[in-house]
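Q: File model-v7.txt below, compact mmCIF, C-alpha atoms and all ligand atoms:
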# COMPACT_ATOMS: atom_id res chain seq x y z
CA MET A 262 11.49 -10.66 21.77
CA ALA A 263 12.18 -7.13 20.65
CA MET A 264 12.74 -5.98 17.10
CA ASP A 265 16.43 -6.80 17.44
CA HIS A 266 16.63 -7.80 13.77
CA VAL A 267 16.10 -4.16 12.73
CA ILE A 268 19.18 -2.00 13.06
CA GLY A 269 17.52 1.29 12.15
CA TYR A 270 17.16 3.60 9.17
CA LEU A 271 19.59 4.85 6.57
CA CYS A 272 18.83 8.05 4.61
CA ARG A 273 19.10 7.35 0.90
CA LEU A 274 20.22 10.93 0.28
CA CYS A 275 22.87 11.67 2.91
CA GLY A 276 23.66 8.23 4.30
CA ALA A 277 22.81 9.32 7.87
CA ALA A 278 21.79 6.48 10.18
CA HIS A 279 18.84 6.94 12.54
CA THR A 280 17.28 4.69 15.14
CA LEU A 281 13.64 3.72 14.67
CA GLU A 282 12.72 5.68 17.80
CA ALA A 283 14.51 8.86 16.75
CA VAL A 284 12.59 9.51 13.57
CA ASP A 285 9.03 9.82 12.32
CA TYR A 286 8.97 8.81 8.68
CA ILE A 287 11.72 10.89 6.98
CA CYS A 288 15.34 11.97 7.46
CA PRO A 289 15.22 15.13 9.60
CA CYS A 290 18.04 16.62 7.51
CA HIS A 291 16.20 16.21 4.23
CA GLY A 292 12.53 16.78 4.81
CA ILE A 293 10.15 15.16 2.40
CA GLU A 294 12.96 14.04 0.09
CA GLY A 295 14.77 12.21 2.90
CA ILE A 296 13.42 8.79 2.17
CA LEU A 297 14.65 6.24 4.66
CA ASP A 298 15.61 2.64 4.12
CA VAL A 299 15.11 0.07 6.88
CA GLN A 300 18.35 -1.76 7.77
CA TYR A 301 18.46 -5.34 9.05
CA ASP A 302 20.91 -7.50 10.93
CA TYR A 303 21.27 -10.23 8.31
CA ASP A 304 23.63 -12.34 10.43
CA LEU A 305 20.99 -12.54 13.11
CA LEU A 306 18.24 -13.21 10.57
CA ARG A 307 20.24 -16.07 9.08
CA THR A 308 20.22 -17.78 12.48
CA ARG A 309 16.43 -17.51 12.68
CA LEU A 310 15.27 -18.33 9.19
CA THR A 311 16.39 -20.57 6.37
CA PRO A 312 14.94 -21.28 2.93
CA ALA A 313 14.08 -24.77 4.20
CA LEU A 314 12.13 -23.38 7.16
CA LEU A 315 10.30 -21.01 4.84
CA ALA A 316 9.42 -23.84 2.48
CA GLU A 317 7.71 -25.60 5.39
CA SER A 318 5.67 -22.53 6.35
CA ARG A 319 1.94 -22.99 6.08
CA GLU A 320 1.32 -19.24 6.24
CA MET A 321 0.09 -18.54 2.71
CA SER A 322 0.31 -14.74 2.89
CA MET A 323 2.97 -12.03 3.07
CA TRP A 324 3.27 -12.82 6.79
CA ARG A 325 5.23 -15.98 5.99
CA TYR A 326 8.08 -13.43 5.83
CA LYS A 327 7.23 -11.74 9.12
CA ALA A 328 10.76 -12.37 10.44
CA LEU A 329 12.11 -10.27 7.54
CA LEU A 330 9.73 -7.37 8.15
CA PRO A 331 10.06 -4.45 10.58
CA VAL A 332 7.47 -5.73 13.04
CA HIS A 333 7.61 -7.45 16.41
CA PRO A 334 7.42 -11.24 16.11
CA GLU A 335 4.26 -11.19 18.24
CA ALA A 336 2.61 -8.18 16.58
CA PRO A 337 -0.98 -8.91 15.59
CA VAL A 338 -1.51 -8.78 11.82
CA PRO A 339 -4.74 -7.94 9.97
CA PRO A 340 -7.02 -10.89 9.22
CA LEU A 341 -7.32 -10.24 5.47
CA ARG A 342 -5.12 -12.55 3.42
CA VAL A 343 -2.58 -10.31 1.64
CA GLY A 344 0.16 -11.59 -0.66
CA TRP A 345 1.26 -15.07 -1.73
CA THR A 346 -0.45 -14.26 -5.02
CA PRO A 347 -0.11 -16.73 -7.87
CA LEU A 348 2.76 -16.69 -10.35
CA TYR A 349 1.47 -18.17 -13.59
CA ALA A 350 3.56 -19.43 -16.48
CA ALA A 351 2.43 -17.50 -19.56
CA PRO A 352 3.74 -19.47 -22.57
CA ARG A 353 1.45 -17.75 -25.07
CA LEU A 354 2.60 -14.28 -23.98
CA ALA A 355 6.20 -15.55 -24.19
CA ALA A 356 5.58 -16.74 -27.76
CA LEU A 357 4.01 -13.40 -28.72
CA VAL A 358 7.12 -11.47 -27.66
CA GLY A 359 9.62 -14.17 -28.66
CA LEU A 360 11.05 -14.99 -25.23
CA PRO A 361 11.75 -18.45 -23.77
CA GLN A 362 9.75 -17.88 -20.59
CA VAL A 363 7.34 -15.31 -19.20
CA TRP A 364 5.46 -15.51 -15.93
CA VAL A 365 2.77 -13.17 -14.66
CA LYS A 366 2.25 -12.46 -10.97
CA ASP A 367 -1.39 -11.67 -10.37
CA ASP A 368 -1.51 -9.15 -7.53
CA GLY A 369 -5.03 -8.20 -8.52
CA LEU A 370 -5.98 -11.18 -6.34
CA ASN A 371 -5.19 -9.31 -3.14
CA PRO A 372 -8.17 -8.48 -0.88
CA THR A 373 -8.76 -5.01 -2.30
CA ALA A 374 -7.56 -6.11 -5.75
CA SER A 375 -4.18 -4.43 -6.00
CA PHE A 376 -0.53 -4.73 -5.01
CA LYS A 377 -1.06 -1.85 -2.53
CA ASP A 378 -2.51 -4.25 0.04
CA ARG A 379 1.04 -5.40 0.82
CA ALA A 380 2.01 -1.93 2.00
CA SER A 381 -1.29 -1.06 3.65
CA ALA A 382 -1.26 -4.26 5.70
CA LEU A 383 2.08 -3.22 7.15
CA ALA A 384 0.84 0.35 7.69
CA VAL A 385 -2.06 -0.95 9.76
CA VAL A 386 0.28 -3.07 11.92
CA LYS A 387 2.55 -0.07 12.55
CA ALA A 388 -0.38 2.28 13.22
CA GLN A 389 -1.70 -0.12 15.84
CA GLU A 390 1.77 -0.45 17.32
CA CYS A 391 1.93 3.28 17.95
CA GLY A 392 -1.64 3.45 19.19
CA SER A 393 -3.05 5.51 16.32
CA LYS A 394 -6.79 5.25 15.78
CA VAL A 395 -6.78 7.18 12.49
CA VAL A 396 -4.73 6.31 9.44
CA THR A 397 -4.49 8.53 6.40
CA THR A 398 -3.02 8.52 2.93
CA ALA A 399 -2.87 10.35 -0.35
CA SER A 400 -3.41 8.02 -3.25
CA THR A 401 -4.25 7.81 -6.92
CA GLY A 402 -6.90 5.32 -5.73
CA ASN A 403 -5.49 1.88 -4.99
CA ALA A 404 -3.35 2.73 -1.97
CA ALA A 405 -6.41 4.35 -0.41
CA ALA A 406 -8.65 1.40 -1.27
CA ALA A 407 -6.08 -0.88 0.32
CA LEU A 408 -5.79 1.29 3.41
CA ALA A 409 -9.58 1.59 3.69
CA GLY A 410 -10.02 -2.19 3.46
CA LEU A 411 -7.19 -3.11 5.79
CA ALA A 412 -8.30 -0.45 8.30
CA ALA A 413 -11.85 -1.82 8.17
CA SER A 414 -10.54 -5.31 8.86
CA VAL A 415 -9.12 -4.20 12.22
CA GLY A 416 -11.51 -1.38 13.13
CA LEU A 417 -9.28 1.63 12.47
CA THR A 418 -10.59 4.84 10.92
CA ALA A 419 -9.20 5.77 7.51
CA VAL A 420 -9.12 9.26 6.02
CA ILE A 421 -8.09 9.40 2.41
CA PHE A 422 -7.23 12.06 -0.12
CA VAL A 423 -7.61 11.15 -3.79
CA PRO A 424 -7.81 13.17 -6.99
CA LYS A 425 -11.39 13.83 -8.03
CA SER A 426 -10.59 12.09 -11.32
CA ALA A 427 -9.95 8.66 -9.69
CA PRO A 428 -11.94 5.80 -11.32
CA ALA A 429 -15.40 5.31 -9.83
CA ALA A 430 -14.73 1.72 -8.76
CA LYS A 431 -11.87 2.86 -6.55
CA ILE A 432 -13.89 5.64 -4.93
CA ALA A 433 -16.67 3.10 -4.40
CA GLN A 434 -14.21 0.88 -2.52
CA HIS A 435 -13.16 3.76 -0.24
CA LEU A 436 -16.75 4.68 0.56
CA ILE A 437 -18.02 1.13 1.00
CA TYR A 438 -15.19 0.32 3.41
CA GLY A 439 -16.35 3.32 5.45
CA ALA A 440 -13.32 5.53 4.93
CA HIS A 441 -13.66 9.30 5.15
CA VAL A 442 -13.01 10.32 1.57
CA ILE A 443 -11.87 13.73 0.50
CA LEU A 444 -11.71 14.30 -3.23
CA VAL A 445 -8.99 16.75 -4.12
CA ASP A 446 -9.81 18.94 -7.08
CA GLY A 447 -6.24 18.64 -8.28
CA THR A 448 -3.51 16.11 -8.89
CA TYR A 449 -2.19 13.23 -6.80
CA ASP A 450 0.85 15.41 -6.18
CA ALA A 451 -1.31 18.08 -4.59
CA ALA A 452 -3.10 15.45 -2.49
CA PHE A 453 0.26 14.10 -1.32
CA GLU A 454 1.50 17.41 0.04
CA LEU A 455 -1.86 18.11 1.68
CA THR A 456 -1.89 14.74 3.43
CA VAL A 457 1.57 15.24 4.93
CA GLU A 458 0.39 18.49 6.51
CA VAL A 459 -2.96 17.10 7.65
CA ALA A 460 -1.39 14.05 9.29
CA ARG A 461 1.19 16.18 11.03
CA THR A 462 -1.41 18.66 12.26
CA PHE A 463 -3.88 16.08 13.58
CA GLY A 464 -1.38 13.45 14.68
CA TRP A 465 -2.72 10.74 12.35
CA TYR A 466 -0.70 7.78 11.12
CA ASN A 467 0.52 8.60 7.62
CA ARG A 468 0.77 5.83 5.02
CA ASN A 469 1.96 8.08 2.19
CA THR A 470 4.09 6.18 -0.28
CA ALA A 471 7.81 7.04 -0.14
CA TYR A 472 7.27 9.11 2.98
CA ASN A 473 6.45 6.24 5.28
CA PRO A 474 9.61 4.08 5.07
CA PHE A 475 7.72 0.87 5.81
CA MET A 476 5.77 0.85 2.55
CA SER A 477 8.66 -0.49 0.49
CA GLU A 478 9.13 -3.14 3.18
CA GLY A 479 5.59 -4.43 2.67
CA LYS A 480 6.06 -4.34 -1.08
CA LYS A 481 9.34 -6.27 -1.00
CA THR A 482 7.43 -9.43 -0.06
CA ALA A 483 6.50 -9.92 -3.73
CA ALA A 484 10.20 -10.45 -4.54
CA TYR A 485 10.47 -13.17 -1.88
CA GLU A 486 7.40 -14.84 -3.33
CA ILE A 487 8.79 -14.82 -6.88
CA TRP A 488 11.96 -16.48 -5.57
CA GLU A 489 10.05 -19.15 -3.65
CA GLN A 490 7.55 -19.72 -6.44
CA LEU A 491 10.42 -20.30 -8.88
CA ASP A 492 11.87 -22.90 -6.49
CA GLY A 493 14.67 -20.74 -5.19
CA ARG A 494 15.73 -19.26 -8.52
CA VAL A 495 15.44 -15.69 -9.73
CA PRO A 496 14.24 -14.66 -13.18
CA ASP A 497 16.51 -12.63 -15.46
CA CYS A 498 14.17 -9.63 -15.42
CA VAL A 499 11.19 -8.36 -13.49
CA VAL A 500 9.03 -5.80 -15.29
CA VAL A 501 7.37 -3.31 -12.95
CA PRO A 502 4.87 -0.55 -13.75
CA VAL A 503 6.07 2.66 -12.12
CA GLY A 504 4.27 5.70 -10.76
CA ASP A 505 5.95 6.82 -7.54
CA GLY A 506 8.51 4.04 -7.84
CA CYS A 507 7.76 2.42 -4.49
CA ILE A 508 6.90 -0.98 -5.94
CA LEU A 509 10.11 -1.05 -7.98
CA GLY A 510 12.16 0.07 -4.97
CA GLY A 511 10.43 -2.55 -2.83
CA ILE A 512 11.09 -5.36 -5.30
CA HIS A 513 14.74 -4.28 -5.40
CA LYS A 514 14.88 -4.34 -1.59
CA GLY A 515 13.37 -7.82 -1.47
CA PHE A 516 15.96 -9.27 -3.84
CA LYS A 517 18.76 -7.39 -2.08
CA ASP A 518 17.65 -8.96 1.21
CA LEU A 519 17.83 -12.42 -0.38
CA LEU A 520 21.31 -11.64 -1.69
CA ALA A 521 22.47 -10.36 1.71
CA LEU A 522 21.10 -13.51 3.33
CA GLY A 523 23.12 -15.56 0.83
CA TRP A 524 20.00 -17.23 -0.55
CA ILE A 525 20.47 -15.99 -4.13
CA GLU A 526 23.59 -15.26 -6.13
CA ARG A 527 22.50 -12.35 -8.31
CA LEU A 528 19.79 -9.74 -8.60
CA PRO A 529 17.34 -9.86 -11.48
CA ARG A 530 17.36 -6.84 -13.78
CA LEU A 531 14.51 -4.50 -12.95
CA ILE A 532 12.68 -2.91 -15.89
CA GLY A 533 10.58 0.10 -14.90
CA VAL A 534 7.68 1.01 -17.17
CA GLN A 535 6.03 4.43 -17.13
CA ALA A 536 3.32 5.99 -19.24
CA GLU A 537 4.61 8.52 -21.81
CA GLY A 538 2.44 11.18 -20.19
CA SER A 539 3.89 10.48 -16.74
CA SER A 540 7.51 9.67 -17.32
CA ALA A 541 9.59 11.79 -14.94
CA LEU A 542 11.65 8.74 -13.94
CA VAL A 543 12.31 7.71 -17.54
CA GLN A 544 13.61 11.23 -18.13
CA ALA A 545 15.80 11.18 -15.01
CA TYR A 546 17.16 7.78 -16.06
CA THR A 547 17.86 8.94 -19.60
CA CYS A 548 19.63 12.10 -18.39
CA GLY A 549 21.84 9.96 -16.18
CA GLY A 550 22.21 12.65 -13.51
CA PRO A 551 22.92 11.98 -9.84
CA LEU A 552 20.41 10.16 -7.62
CA GLY A 553 17.98 12.65 -6.19
CA GLN A 554 17.74 14.75 -9.34
CA ILE A 555 14.27 14.73 -10.84
CA GLU A 556 12.09 17.20 -12.76
CA ARG A 557 8.38 17.32 -12.01
CA VAL A 558 6.16 16.84 -15.10
CA ASP A 559 2.47 17.57 -15.69
CA ALA A 560 1.28 13.98 -15.57
CA VAL A 561 -1.59 12.76 -17.75
CA THR A 562 -2.29 9.12 -18.58
CA VAL A 563 -5.15 6.65 -18.84
CA ALA A 564 -3.21 4.48 -16.37
CA ASP A 565 -4.33 6.46 -13.31
CA SER A 566 -2.36 4.30 -10.86
CA ILE A 567 0.93 5.34 -12.43
CA CYS A 568 -0.01 8.99 -12.92
CA ALA A 569 2.54 10.81 -10.75
CA GLY A 570 4.13 14.08 -11.83
CA LEU A 571 6.80 13.89 -9.14
CA PRO A 572 7.55 10.23 -8.42
CA ARG A 573 7.97 10.25 -4.66
CA ASP A 574 10.19 7.20 -4.46
CA HIS A 575 12.43 8.29 -7.30
CA ILE A 576 15.64 7.68 -5.38
CA LYS A 577 14.91 4.04 -4.57
CA ALA A 578 13.44 3.43 -8.01
CA LEU A 579 16.34 4.89 -9.93
CA ALA A 580 18.82 3.06 -7.72
CA GLY A 581 16.87 -0.17 -8.25
CA VAL A 582 17.15 0.07 -12.01
CA ARG A 583 20.77 1.25 -12.07
CA GLU A 584 22.10 -1.22 -9.50
CA THR A 585 20.55 -4.18 -11.30
CA GLY A 586 21.58 -3.15 -14.82
CA GLY A 587 17.93 -2.76 -15.74
CA ALA A 588 16.21 -0.01 -17.70
CA PHE A 589 13.37 2.47 -17.70
CA LEU A 590 11.10 2.96 -20.66
CA ALA A 591 7.86 4.73 -21.49
CA VAL A 592 4.85 3.35 -23.33
CA SER A 593 1.93 5.20 -24.87
CA ASP A 594 -1.62 5.14 -23.56
CA ALA A 595 -2.67 3.36 -26.77
CA GLU A 596 -0.10 0.63 -26.09
CA ILE A 597 -1.26 0.35 -22.48
CA LEU A 598 -4.91 0.03 -23.45
CA SER A 599 -4.30 -2.53 -26.14
CA ALA A 600 -2.22 -4.60 -23.70
CA ILE A 601 -5.28 -5.17 -21.50
CA PRO A 602 -7.07 -7.64 -23.81
CA VAL A 603 -3.79 -9.20 -24.98
CA VAL A 604 -2.86 -10.13 -21.41
CA ALA A 605 -6.40 -11.23 -20.60
CA ARG A 606 -6.75 -13.43 -23.70
CA ASN A 607 -3.35 -15.05 -23.31
CA THR A 608 -3.25 -15.61 -19.56
CA GLY A 609 -6.80 -15.31 -18.24
CA VAL A 610 -5.77 -12.37 -16.05
CA PHE A 611 -7.79 -9.17 -16.49
CA CYS A 612 -5.79 -6.21 -15.27
CA GLU A 613 -6.22 -2.47 -14.95
CA PRO A 614 -4.34 -0.09 -17.29
CA ALA A 615 -1.36 0.50 -14.97
CA ALA A 616 -0.86 -3.25 -14.61
CA ALA A 617 -1.17 -3.83 -18.35
CA ALA A 618 1.61 -1.28 -18.78
CA SER A 619 4.04 -3.98 -17.70
CA TYR A 620 3.15 -6.06 -20.77
CA ALA A 621 3.29 -3.00 -23.03
CA GLY A 622 6.70 -2.31 -21.48
CA LEU A 623 7.84 -5.88 -22.13
CA VAL A 624 6.98 -5.53 -25.81
CA GLY A 625 8.80 -2.18 -25.99
CA ALA A 626 11.82 -3.46 -24.09
CA VAL A 627 12.23 -6.48 -26.36
CA GLU A 628 11.85 -4.29 -29.48
CA ARG A 629 14.44 -1.82 -28.22
CA GLY A 630 16.88 -4.54 -27.16
CA LEU A 631 16.54 -3.69 -23.46
CA ILE A 632 15.56 -7.31 -22.85
CA ASP A 633 17.33 -9.90 -24.96
CA ARG A 634 15.83 -12.95 -26.56
CA GLU A 635 17.30 -15.36 -24.00
CA GLU A 636 15.85 -13.77 -20.90
CA ARG A 637 13.25 -15.24 -18.56
CA VAL A 638 10.90 -12.55 -17.40
CA VAL A 639 8.33 -11.97 -14.65
CA LEU A 640 5.63 -9.37 -15.29
CA LEU A 641 4.05 -7.83 -12.23
CA LEU A 642 0.33 -7.44 -12.81
CA THR A 643 -0.41 -5.00 -10.05
CA GLY A 644 -4.16 -4.45 -10.12
CA SER A 645 -7.44 -5.99 -11.23
CA GLY A 646 -9.23 -4.99 -14.42
CA LEU A 647 -12.44 -4.52 -12.46
CA LYS A 648 -10.88 -1.39 -10.96
CA ASP A 649 -11.45 0.54 -14.18
CA ILE A 650 -13.87 -1.02 -16.64
CA THR A 651 -14.44 2.28 -18.46
CA SER A 652 -10.87 2.19 -19.78
CA ALA A 653 -11.02 -1.53 -20.52
CA MET A 654 -14.21 -1.13 -22.54
CA ARG A 655 -12.44 1.30 -24.86
CA THR A 656 -10.46 -1.66 -26.22
CA VAL A 657 -13.39 -3.79 -27.32
CA SER A 658 -16.42 -3.22 -29.51
CA ALA A 659 -20.00 -3.49 -28.34
CA PRO A 660 -21.42 -7.03 -28.56
CA PRO A 661 -24.23 -7.73 -31.04
CA VAL A 662 -27.83 -7.75 -29.88
CA ILE A 663 -30.15 -10.50 -31.03
CA MET A 664 -33.94 -10.34 -31.19
CA PRO A 665 -35.52 -13.67 -30.26
CA HIS A 666 -37.74 -14.89 -33.13
CA ALA A 667 -41.09 -16.63 -32.63
CA ARG A 668 -39.46 -19.94 -33.65
CA LEU A 669 -36.35 -20.91 -31.67
CA ALA A 670 -34.77 -22.44 -34.79
CA ASP A 671 -34.88 -19.04 -36.47
CA THR A 672 -33.09 -17.48 -33.51
CA VAL A 673 -30.45 -20.23 -33.64
CA ALA A 674 -29.98 -19.45 -37.33
CA ALA A 675 -29.54 -15.79 -36.47
CA VAL A 676 -26.87 -16.75 -33.90
CA ARG A 677 -25.06 -18.79 -36.57
CA ALA A 678 -25.15 -15.85 -38.96
CA THR A 679 -23.84 -13.49 -36.29
CA LEU A 680 -20.97 -15.82 -35.42
CA ALA A 681 -20.23 -16.66 -39.07
CA ASP A 682 -16.46 -16.67 -38.63
CA LEU A 683 -16.68 -19.54 -36.10
CA PHE A 684 -17.99 -21.91 -38.74
C1 LIG B 1 0.43 2.08 -7.31
C2 LIG B 1 0.35 1.21 -8.49
C3 LIG B 1 1.42 1.10 -9.39
C4 LIG B 1 2.70 1.87 -9.26
O1 LIG B 1 3.33 1.75 -8.02
P1 LIG B 1 4.35 2.89 -7.52
O2 LIG B 1 4.86 2.40 -6.26
O3 LIG B 1 3.53 4.16 -7.41
O4 LIG B 1 5.38 3.03 -8.58
C5 LIG B 1 1.27 0.24 -10.46
N1 LIG B 1 0.14 -0.43 -10.67
C6 LIG B 1 -0.92 -0.32 -9.84
C7 LIG B 1 -2.16 -1.09 -10.15
C8 LIG B 1 -0.85 0.49 -8.72
O5 LIG B 1 -1.91 0.60 -7.92
ZN ZN B 2 19.32 12.56 5.07
As structure tokens - that is how I would like this structure written.

A:
Amino acid sequence: MAMDHVIGYLCRLCGAAHTLEAVDYICPCHGIEGILDVQYDYDLLRTRLTPALLAESREMSMWRYKALLPVHPEAPVPPLRVGWTPLYAAPRLAALVGLPQVWVKDDGLNPTASFKDRASALAVVKAQECGSKVVTTASTGNAAAALAGLAASVGLTAVIFVPKSAPAAKIAQHLIYGAHVILVDGTYDAAFELTVEVARTFGWYNRNTAYNPFMSEGKKTAAYEIWEQLDGRVPDCVVVPVGDGCILGGIHKGFKDLLALGWIERLPRLIGVQAEGSSALVQAYTCGGPLGQIERVDAVTVADSICAGLPRDHIKALAGVRETGGAFLAVSDAEILSAIPVVARNTGVFCEPAAAASYAGLVGAVERGLIDREERVVLLLTGSGLKDITSAMRTVSAPPVIMPHARLADTVAAVRATLADLF
């Protein structure tokens, strides 16, 4: 069976339609800004898949939605288990912010410990489909770790370009998975432009976010999961940390697919959270200009995964927020850092700064009236705390050291004295 469920691409800027075969990555009329959207034949899909069939699926990964992805039904998929991450009820977080219901979706549980595995898994399938042996990407760290891991799982070679300032744990992942790592002595934005040229010159498969149109397709699977995990309902809001905007655009696409299939009746409001030091999309949203208008900023934030001076998926992200009646807001690095232990202590999920930004954003959105007191909210926790322990450790104080005494009872007494407030 061919990919007859995929109609082709639509350019988000000019509305031009292209067939899959006619285009590599971007709209030829719009260069790097010509971000394409994959179009599906929903009538055909409805004859192949139903919510009841999905509910019976025993595929506990993103590939339970293979029929809704731009791949051949028989295409081999990587062996690592990506997606179908848990959605936990978080009643104590809900109480802290004064909402009736909050859930957290722990995408740090993916094989390379971030949401990026959803996109990289699809990249690896498409690279194999076109016979590429080398896959490449620019990344702030997690997309590259995901690509390195997924490539390793199927024996492809990965070449990655990351800013020199990426957290050590992420660079360790790239190297341990055997990727060829090039540290760019510059920003993610510089690495992005370099990678486009390198891939073009050497004929490598390019996974760059918001350049490769399939990345939002991989990421949309999280929206399907939220819907299934809530027994076929949608929450009122989904809070998404935003760097390039690909996750937010992907979540929007996933819910739009469900609406087009007639499986849901409304879209949840999407709340995009950026760091104050990397808030080009918040500014574009606040200005209210036309889609496509964005001003590059000099991005600096502790949340390295959302540090993007020129958010590459700004068109899909801005459309996602506007079309769902959502909002964009910025939070400070201090708010992001202090969210890490709050989320960990109230849910048991330890997340990296960028992921904790979604909780900081929830607090800000409730305070500013962007989320009202009745709403039921899902927070996307997009990456594991083990990705960046240096930042996490800034939020806690050093533990006490105890010197064992000659008599054990004396040491026990010293423990009691140290933990005085427990007694
Ligand atoms: C990449 C990433 C984000 C932001 O995703 P974009 O698609 O760049 O907006 C958020 N959190 C984590 C942990 C990430 O790795
Ligand atoms: Zn175009």

Q: Applying 12 Å and only C-alpha atoms, which residues near Ser393 of chain A remain after dropping the ones on its own chain fewer than 4 positions away? List them as a PyMOL selection string.

A: chain A and resi 384-389+397+412+416-419+460+463-468

Q: Identify, on the basis of all atoms listed in the file, every residue whose closest approach to Met264 of chain A does not exceed 9 Å; exclude the query and any residue fewer than 4 positions from it along the same chain; express the result as a ChimeraX atom specification.

A: /A:268,331-334

Q: I want to know what sits within 9 Å of Arg273 of chain A, based on all atoms listed in the file, with residues of the same chain fewer than 4 positions away left out; could you give that as number ranges by chain?

A: A: 277, 288, 295-298, 553, 576-577

Q: Work out how far atom CA of Val561 of chain A is from atom CA of Leu647 of chain A, in Å to one decimal.

A: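 Going from atom CA of Leu647 of chain A over to atom CA of Val561 of chain A, I get 21.1 Å.
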
Q: Taking 3 positions as the minimum chain separation for residues in the same chain, which residues sit within 9 Å of Val363 of chain A when counting only C-alpha atoms? Answer as an MDAnalysis selection string.

A: chainID A and resid 349:356 360 636:640

Q: Using only C-alpha atoms and all ligand atoms, find the one residue out of A:Gly504, A:Gly276, A:Gly359, A:Gly646 that sits nearest to ligand ZN 2 (chain B).

A: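 Checking each of A:Gly504, A:Gly276, A:Gly359, A:Gly646 against ligand ZN 2 (chain B), counting only C-alpha atoms and all ligand atoms, the winner is A:Gly276.
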
Q: For segment 452-457 of chain A, which lacks atoms in the input, supply all heavy atoms and format the output as a short mmCIF file (atom, residue, chain, number, x, y, z; two decimals), keeping the file's coordinate frame.

A:
data_model
loop_
_atom_site.label_atom_id
_atom_site.label_comp_id
_atom_site.auth_asym_id
_atom_site.auth_seq_id
_atom_site.Cartn_x
_atom_site.Cartn_y
_atom_site.Cartn_z
N ALA A 452 -2.53 16.23 -3.60
CA ALA A 452 -3.10 15.45 -2.49
C ALA A 452 -2.00 14.98 -1.55
O ALA A 452 -2.17 14.96 -0.33
CB ALA A 452 -3.88 14.27 -3.04
N PHE A 453 -0.86 14.61 -2.11
CA PHE A 453 0.26 14.10 -1.32
C PHE A 453 0.73 15.14 -0.31
O PHE A 453 0.87 14.87 0.88
CB PHE A 453 1.41 13.70 -2.27
CG PHE A 453 2.52 12.95 -1.60
CD1 PHE A 453 2.59 11.57 -1.70
CD2 PHE A 453 3.51 13.61 -0.87
CE1 PHE A 453 3.62 10.86 -1.09
CE2 PHE A 453 4.53 12.91 -0.26
CZ PHE A 453 4.59 11.53 -0.37
N GLU A 454 0.98 16.35 -0.83
CA GLU A 454 1.50 17.41 0.04
C GLU A 454 0.48 17.79 1.11
O GLU A 454 0.83 18.02 2.27
CB GLU A 454 1.94 18.61 -0.80
CG GLU A 454 3.35 18.40 -1.33
CD GLU A 454 3.62 18.98 -2.72
OE1 GLU A 454 3.00 19.99 -3.07
OE2 GLU A 454 4.46 18.40 -3.44
N LEU A 455 -0.80 17.80 0.72
CA LEU A 455 -1.86 18.11 1.68
C LEU A 455 -1.89 17.07 2.80
O LEU A 455 -1.98 17.41 3.99
CB LEU A 455 -3.21 18.16 0.95
CG LEU A 455 -4.44 18.33 1.83
CD1 LEU A 455 -4.37 19.66 2.60
CD2 LEU A 455 -5.72 18.27 1.00
N THR A 456 -1.78 15.81 2.44
CA THR A 456 -1.89 14.74 3.43
C THR A 456 -0.76 14.80 4.46
O THR A 456 -0.98 14.55 5.64
CB THR A 456 -1.89 13.37 2.73
OG1 THR A 456 -2.90 13.39 1.73
CG2 THR A 456 -2.18 12.25 3.70
N VAL A 457 0.44 15.13 4.00
CA VAL A 457 1.57 15.24 4.93
C VAL A 457 1.25 16.28 6.00
O VAL A 457 1.44 16.04 7.21
CB VAL A 457 2.88 15.60 4.18
CG1 VAL A 457 4.00 15.96 5.15
CG2 VAL A 457 3.30 14.46 3.27
#
